[in-house]
Structure formats: C-alpha cells, structure tokens
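Undergrad: I have a structure here, written as structure tokens, and I will follow up with some questions on it.
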Amino acid sequence: VLDTRKGVEFEKGFIPGSINIGLNGQFAVWVGTLVDIKSEIVLVTEPGKEAETVLRLARVGYEKIVGYLEGGPSAYDGKLDKVKSITSDKVQQEISSGAIVLDVRKPGEWSIGHVRGAVFLPLADFPENLKSLKKDNKYIVHCGGGYRSMTAISIMKKLGFNNLINIHGGFGAIQDAGLEIVAEEVTA
C-alpha cells in the first residue's frame with residue numbers, strides 16, 4: 001500500500017504497513033529508491049489525486065497499480081495506525097527520557113550539521129541500514145523539513161518499529177530549539 005498523502009495527513013491515520021511517499025515532494029525519486037518496481041501497488045491518495053498518482057508512477061515505470069482505496073483511509077475496515085509528532089521544544093525532553101535521535105537526511109546535509117549524538121541512517125539506504133537498530137528503542141526521526149522522516153517512519157513501522165516520534169519542521173526546527181549542533185570536519 002502506497003500512501004501519497006502529505007505527512008501531516010498520514011500521521012493522523014494510515015493503513016498499517018503502508019508506505020508514505022507524498023506527491024508534494026520528490027515523489028518519483030523516492031518511489032524509485034524505496035519501492036520495488038515489480039510490486040503490485042494499492043494507492044491511498046488525497047481525494048481527486050488518483051489519476052495524477054497513477055500517471056506519475058507510470059512515467060517512472062511503475063505500472064502494476066492494482067487499485068486505490070476510494071475514500072482514503074477512512075474507508076479501511078481495520079484499525080488505523082498513527083504517528084506521534086512533536087514540536088522541537090519537546091525534543092530535549094524525549095532525549096532525556098531515553099529517545100535516540102535518528103537523522104535520515106543525505107550525507108551532505110549530515111556533514112554540514114547534525115544533533116550531537118544522533119544516529120545517521122540515510123533514507124536512501126532504507127531498509128538495509130535499519131538492521132543495526134533495536135526495534136524496542138524509542139527513536140526521534142528527523143530529516144530537513146519533515147517529508148523524508150515521515151517516509152522513514154512509515155517504513156520502520158512496517159518493519160516492526162513502534163516507538164517512533166516525528167519532529168514537525170525537521171532539522172530547521174531542531175536548530176531553532178537550541179539543541180547542540182555539530183559538524184563533521186572536512187579534510188582536504
């Protein structure tokens with residue numbers, strides 16, 4: 001199940017096991033990176049976005065669209081899952097209670113600056129790079145602005161990680177919150 005709604009809608013309720021890759025971001029890039037082209041796909045979209053989603057998927061070679069959930073997640077018979085999201089002013093409190101910061105940005109973004117003590121696992125390497133994580137730990141997942149972190153969280157939830165927190169506003173919001181930011185030394 002591929003859910004193409006915006007992350008702020010996805011977090012309120014989604015079909016368990018679905019992957020969120022929003023149409024509002026680098027949709028084709030992330031679908032191509034994270035979804036097997038041979039997969040049969042059922043879509044969950046914002047109302048009226050079904051045809052656009054199918055077209056955009058077909059443009060990058062995804063043609064096994066087997067249907068979509070008319071009416072979105074509210075038409076689903078089972079219990080919807082949710083994502084806990086917090087504002088940046090709550091991050092330090094979560095860290096103090098044992099949460100681990102998980103940064104899913106690109107290597108260049110990480111090297112410019114990241115939260116001291118954060119774990120770096122780029123979204124482009126999911127799910128392979130998740131093998132080093134313990135499913136019982138609490139993770140605060142962030143990217144630059146929130147798009148990629150919701151995708152990462154959806155993949156992690158599909159794989160059995162359940163204690164996950166998203167940060168509204170991503171790394172930009174974290175910087176504004178005053179957490180200690182460090183940069184990698186660049187050697188020539």
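Residue names in the structure tokens use chain letters A, B, ... in the order shown, residue numbers from 1 in each chain, and ligand numbers from 1 in the order shown.
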Out of stretch 80-113 of chain A, which residues get alpha helix (DSSP H) from DSSP, as a list in words?
TA: Val91, Gln92, Gln93, Glu94, Ile95, Ser96, Pro107, Gly108, Glu109, Trp110, Ser111 and Ile112 of chain A
Undergrad: Applying 12 Å and only C-alpha atoms, which residues near A:Val42 remain after dropping the ones on its own chain fewer than 6 positions away? List them as a PyMOL selection string.
TA: chain A and resi 1-4+15+17-19+50+53-54+57+62-70+72-73
Undergrad: I'd like the contact shell of A:Asp136 - 10 Å cut-off, only C-alpha atoms, skipping same-chain residues fewer than 3 positions apart - returned as a ChimeraX atom specification.
TA: /A:133,139,160-164
Undergrad: Could you save the residues just selected, with N, CA, C and O atoms, as a PDB file, in the first residue's frame?
TA:
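Produced file selection_10.pdb, reproduced below:
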ATOM      1  N   LEU A 133      19.602  -1.237  14.234  1.00  0.00           N
ATOM      2  CA  LEU A 133      18.751  -0.644  15.266  1.00  0.00           C
ATOM      3  C   LEU A 133      17.961  -1.708  16.029  1.00  0.00           C
ATOM      4  O   LEU A 133      17.613  -2.739  15.477  1.00  0.00           O
ATOM      5  N   TYR A 139      12.831   6.120  19.101  1.00  0.00           N
ATOM      6  CA  TYR A 139      13.579   6.931  18.139  1.00  0.00           C
ATOM      7  C   TYR A 139      12.825   8.198  17.779  1.00  0.00           C
ATOM      8  O   TYR A 139      11.627   8.161  17.494  1.00  0.00           O
ATOM      9  N   GLY A 160       8.181  -3.250  11.988  1.00  0.00           N
ATOM     10  CA  GLY A 160       8.023  -3.616  13.391  1.00  0.00           C
ATOM     11  C   GLY A 160       8.565  -2.647  14.415  1.00  0.00           C
ATOM     12  O   GLY A 160       8.557  -2.938  15.609  1.00  0.00           O
ATOM     13  N   PHE A 161       9.025  -1.478  14.002  1.00  0.00           N
ATOM     14  CA  PHE A 161       9.433  -0.430  14.945  1.00  0.00           C
ATOM     15  C   PHE A 161       8.164   0.333  15.332  1.00  0.00           C
ATOM     16  O   PHE A 161       7.438   0.795  14.454  1.00  0.00           O
ATOM     17  N   ASN A 162       7.900   0.470  16.604  1.00  0.00           N
ATOM     18  CA  ASN A 162       6.647   1.112  17.004  1.00  0.00           C
ATOM     19  C   ASN A 162       6.812   2.330  17.896  1.00  0.00           C
ATOM     20  O   ASN A 162       5.871   3.078  18.092  1.00  0.00           O
ATOM     21  N   ASN A 163       7.986   2.533  18.453  1.00  0.00           N
ATOM     22  CA  ASN A 163       8.192   3.646  19.368  1.00  0.00           C
ATOM     23  C   ASN A 163       8.928   4.768  18.632  1.00  0.00           C
ATOM     24  O   ASN A 163      10.097   5.032  18.884  1.00  0.00           O
ATOM     25  N   LEU A 164       8.200   5.402  17.706  1.00  0.00           N
ATOM     26  CA  LEU A 164       8.791   6.388  16.813  1.00  0.00           C
ATOM     27  C   LEU A 164       8.120   7.744  16.976  1.00  0.00           C
ATOM     28  O   LEU A 164       6.903   7.819  17.150  1.00  0.00           O
TER      29      LEU A 164
END
Undergrad: Run DSSP on the backbone of this structure and report the residues of stretch 89-184 of chain A it assigns to strand (DSSP E), as a PyMOL selection string.
TA: chain A and resi 100-103+114-115+119-120+139-142+164-167+181-182
Undergrad: Just the residues within 8 Å of A:Pro122, please, counting only C-alpha atoms, with nothing from its chain fewer than 4 positions along; format it as an MDAnalysis selection string.
TA: chainID A and resid 103:107 126
Undergrad: How about saving the chosen residues, N, CA and C atoms kept, as a short mmCIF file (atom, residue, chain, number, x, y, z; two decimals), in the first residue's frame?
TA:
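And here's selection_36.cif as it stands now:
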data_model
loop_
_atom_site.label_atom_id
_atom_site.label_comp_id
_atom_site.auth_asym_id
_atom_site.auth_seq_id
_atom_site.Cartn_x
_atom_site.Cartn_y
_atom_site.Cartn_z
N ASP A 103 18.73 10.58 12.30
CA ASP A 103 18.80 11.54 11.22
C ASP A 103 18.79 10.79 9.90
N VAL A 104 17.77 11.04 9.05
CA VAL A 104 17.63 10.29 7.80
C VAL A 104 17.95 11.16 6.57
N ARG A 105 18.65 12.26 6.78
CA ARG A 105 18.98 13.15 5.66
C ARG A 105 20.11 12.57 4.80
N LYS A 106 20.50 13.32 3.81
CA LYS A 106 21.59 12.91 2.90
C LYS A 106 22.94 13.18 3.56
N PRO A 107 24.00 12.47 3.13
CA PRO A 107 25.32 12.65 3.74
C PRO A 107 25.81 14.11 3.75
N PHE A 126 17.47 2.83 3.17
CA PHE A 126 16.45 2.03 3.85
C PHE A 126 16.02 0.89 2.94
#
Undergrad: List the spatial neighbours of A:Cys143 as a PyMOL selection string - criterion: any atom at most 9 Å away, only C-alpha atoms, same-chain residues fewer than 4 positions off excluded.
TA: chain A and resi 102-106+123+147-150+167+169-172
Undergrad: Kindly indicate which residue among A:Val60, A:Ile112, A:Val141, A:Val44 lies nearest to A:Ser74, using only C-alpha atoms for the distances.
TA: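 Going through A:Val60, A:Ile112, A:Val141, A:Val44 one by one, the smallest distance to A:Ser74 is for A:Val44.
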Undergrad: Could you list, as an MDAnalysis selection string, every residue within 12 Å of A:Ser132, counting only C-alpha atoms and ignoring same-chain residues fewer than 4 positions away?
TA: chainID A and resid 119:121 126:128 137
Undergrad: Suppose we keep N, CA and C atoms; can you now write the selection as an mmCIF file, in the first residue's frame?
TA:
data_model
loop_
_atom_site.group_PDB
_atom_site.id
_atom_site.type_symbol
_atom_site.label_atom_id
_atom_site.label_comp_id
_atom_site.auth_asym_id
_atom_site.auth_seq_id
_atom_site.Cartn_x
_atom_site.Cartn_y
_atom_site.Cartn_z
ATOM 1 N N VAL A 119 22.120 9.355 15.480
ATOM 2 C CA VAL A 119 22.487 8.229 14.625
ATOM 3 C C VAL A 119 22.142 8.622 13.198
ATOM 4 N N PHE A 120 23.076 8.417 12.288
ATOM 5 C CA PHE A 120 22.884 8.786 10.887
ATOM 6 C C PHE A 120 22.552 7.553 10.062
ATOM 7 N N LEU A 121 21.336 7.518 9.521
ATOM 8 C CA LEU A 121 20.893 6.432 8.646
ATOM 9 C C LEU A 121 20.122 7.047 7.474
ATOM 10 N N PHE A 126 17.473 2.830 3.173
ATOM 11 C CA PHE A 126 16.447 2.025 3.850
ATOM 12 C C PHE A 126 16.021 0.890 2.944
ATOM 13 N N PRO A 127 15.629 -0.257 3.443
ATOM 14 C CA PRO A 127 15.600 -0.661 4.843
ATOM 15 C C PRO A 127 16.887 -1.345 5.298
ATOM 16 N N GLU A 128 17.833 -1.507 4.404
ATOM 17 C CA GLU A 128 19.059 -2.253 4.721
ATOM 18 C C GLU A 128 19.773 -1.702 5.959
ATOM 19 N N ASN A 137 13.743 0.230 21.014
ATOM 20 C CA ASN A 137 14.180 1.574 21.391
ATOM 21 C C ASN A 137 13.187 2.632 20.925
#
Undergrad: Taking only C-alpha atoms into account, name the residue in A:Ile100, A:Ile140, A:Ile153, A:Ile174 that is nearest to A:Ile21.
TA: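 Closest to A:Ile21 of all the choices is A:Ile153.
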Undergrad: For the atom pair atom CA of A:Gln26 and atom CA of A:Arg56, what is the interatomic distance in Å to one decimal place?
TA: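 A separation of 11.2 Å between them.
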Undergrad: Got a sec: who's within 9 Å of A:Lys79, counting only C-alpha atoms, leaving out chain neighbours fewer than 4 positions off, as a PyMOL selection string?
TA: chain A and resi 13-16
Undergrad: Would you mind exporting N, CA and C atoms of the selected residues as a tab-separated table (two decimals), in the first residue's frame?
TA:
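Contents of again_36.tsv, as written:
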chain	number	residue	atom	x	y	z
A	13	GLY	N	-3.70	9.14	10.63
A	13	GLY	CA	-4.30	7.83	10.49
A	13	GLY	C	-3.96	7.22	9.16
A	14	PHE	N	-3.37	6.01	9.20
A	14	PHE	CA	-2.98	5.33	7.97
A	14	PHE	C	-3.15	3.83	8.13
A	15	ILE	N	-3.24	3.16	7.00
A	15	ILE	CA	-3.38	1.70	6.99
A	15	ILE	C	-2.06	1.09	7.45
A	16	PRO	N	-2.09	0.25	8.49
A	16	PRO	CA	-0.85	-0.36	8.96
A	16	PRO	C	-0.11	-1.06	7.82
Undergrad: Measure the distance from atom CA of A:Asn166 to atom CA of A:Asp77 in Å and round it to one decimal.
TA: 26.0 Å
Undergrad: For A:Trp110, which of A:Thr151, A:Val8, A:Gly144, A:Leu159 is the closest residue, counting only C-alpha atoms?
TA: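 Going through A:Thr151, A:Val8, A:Gly144, A:Leu159 one by one, the smallest distance to A:Trp110 is for A:Gly144.
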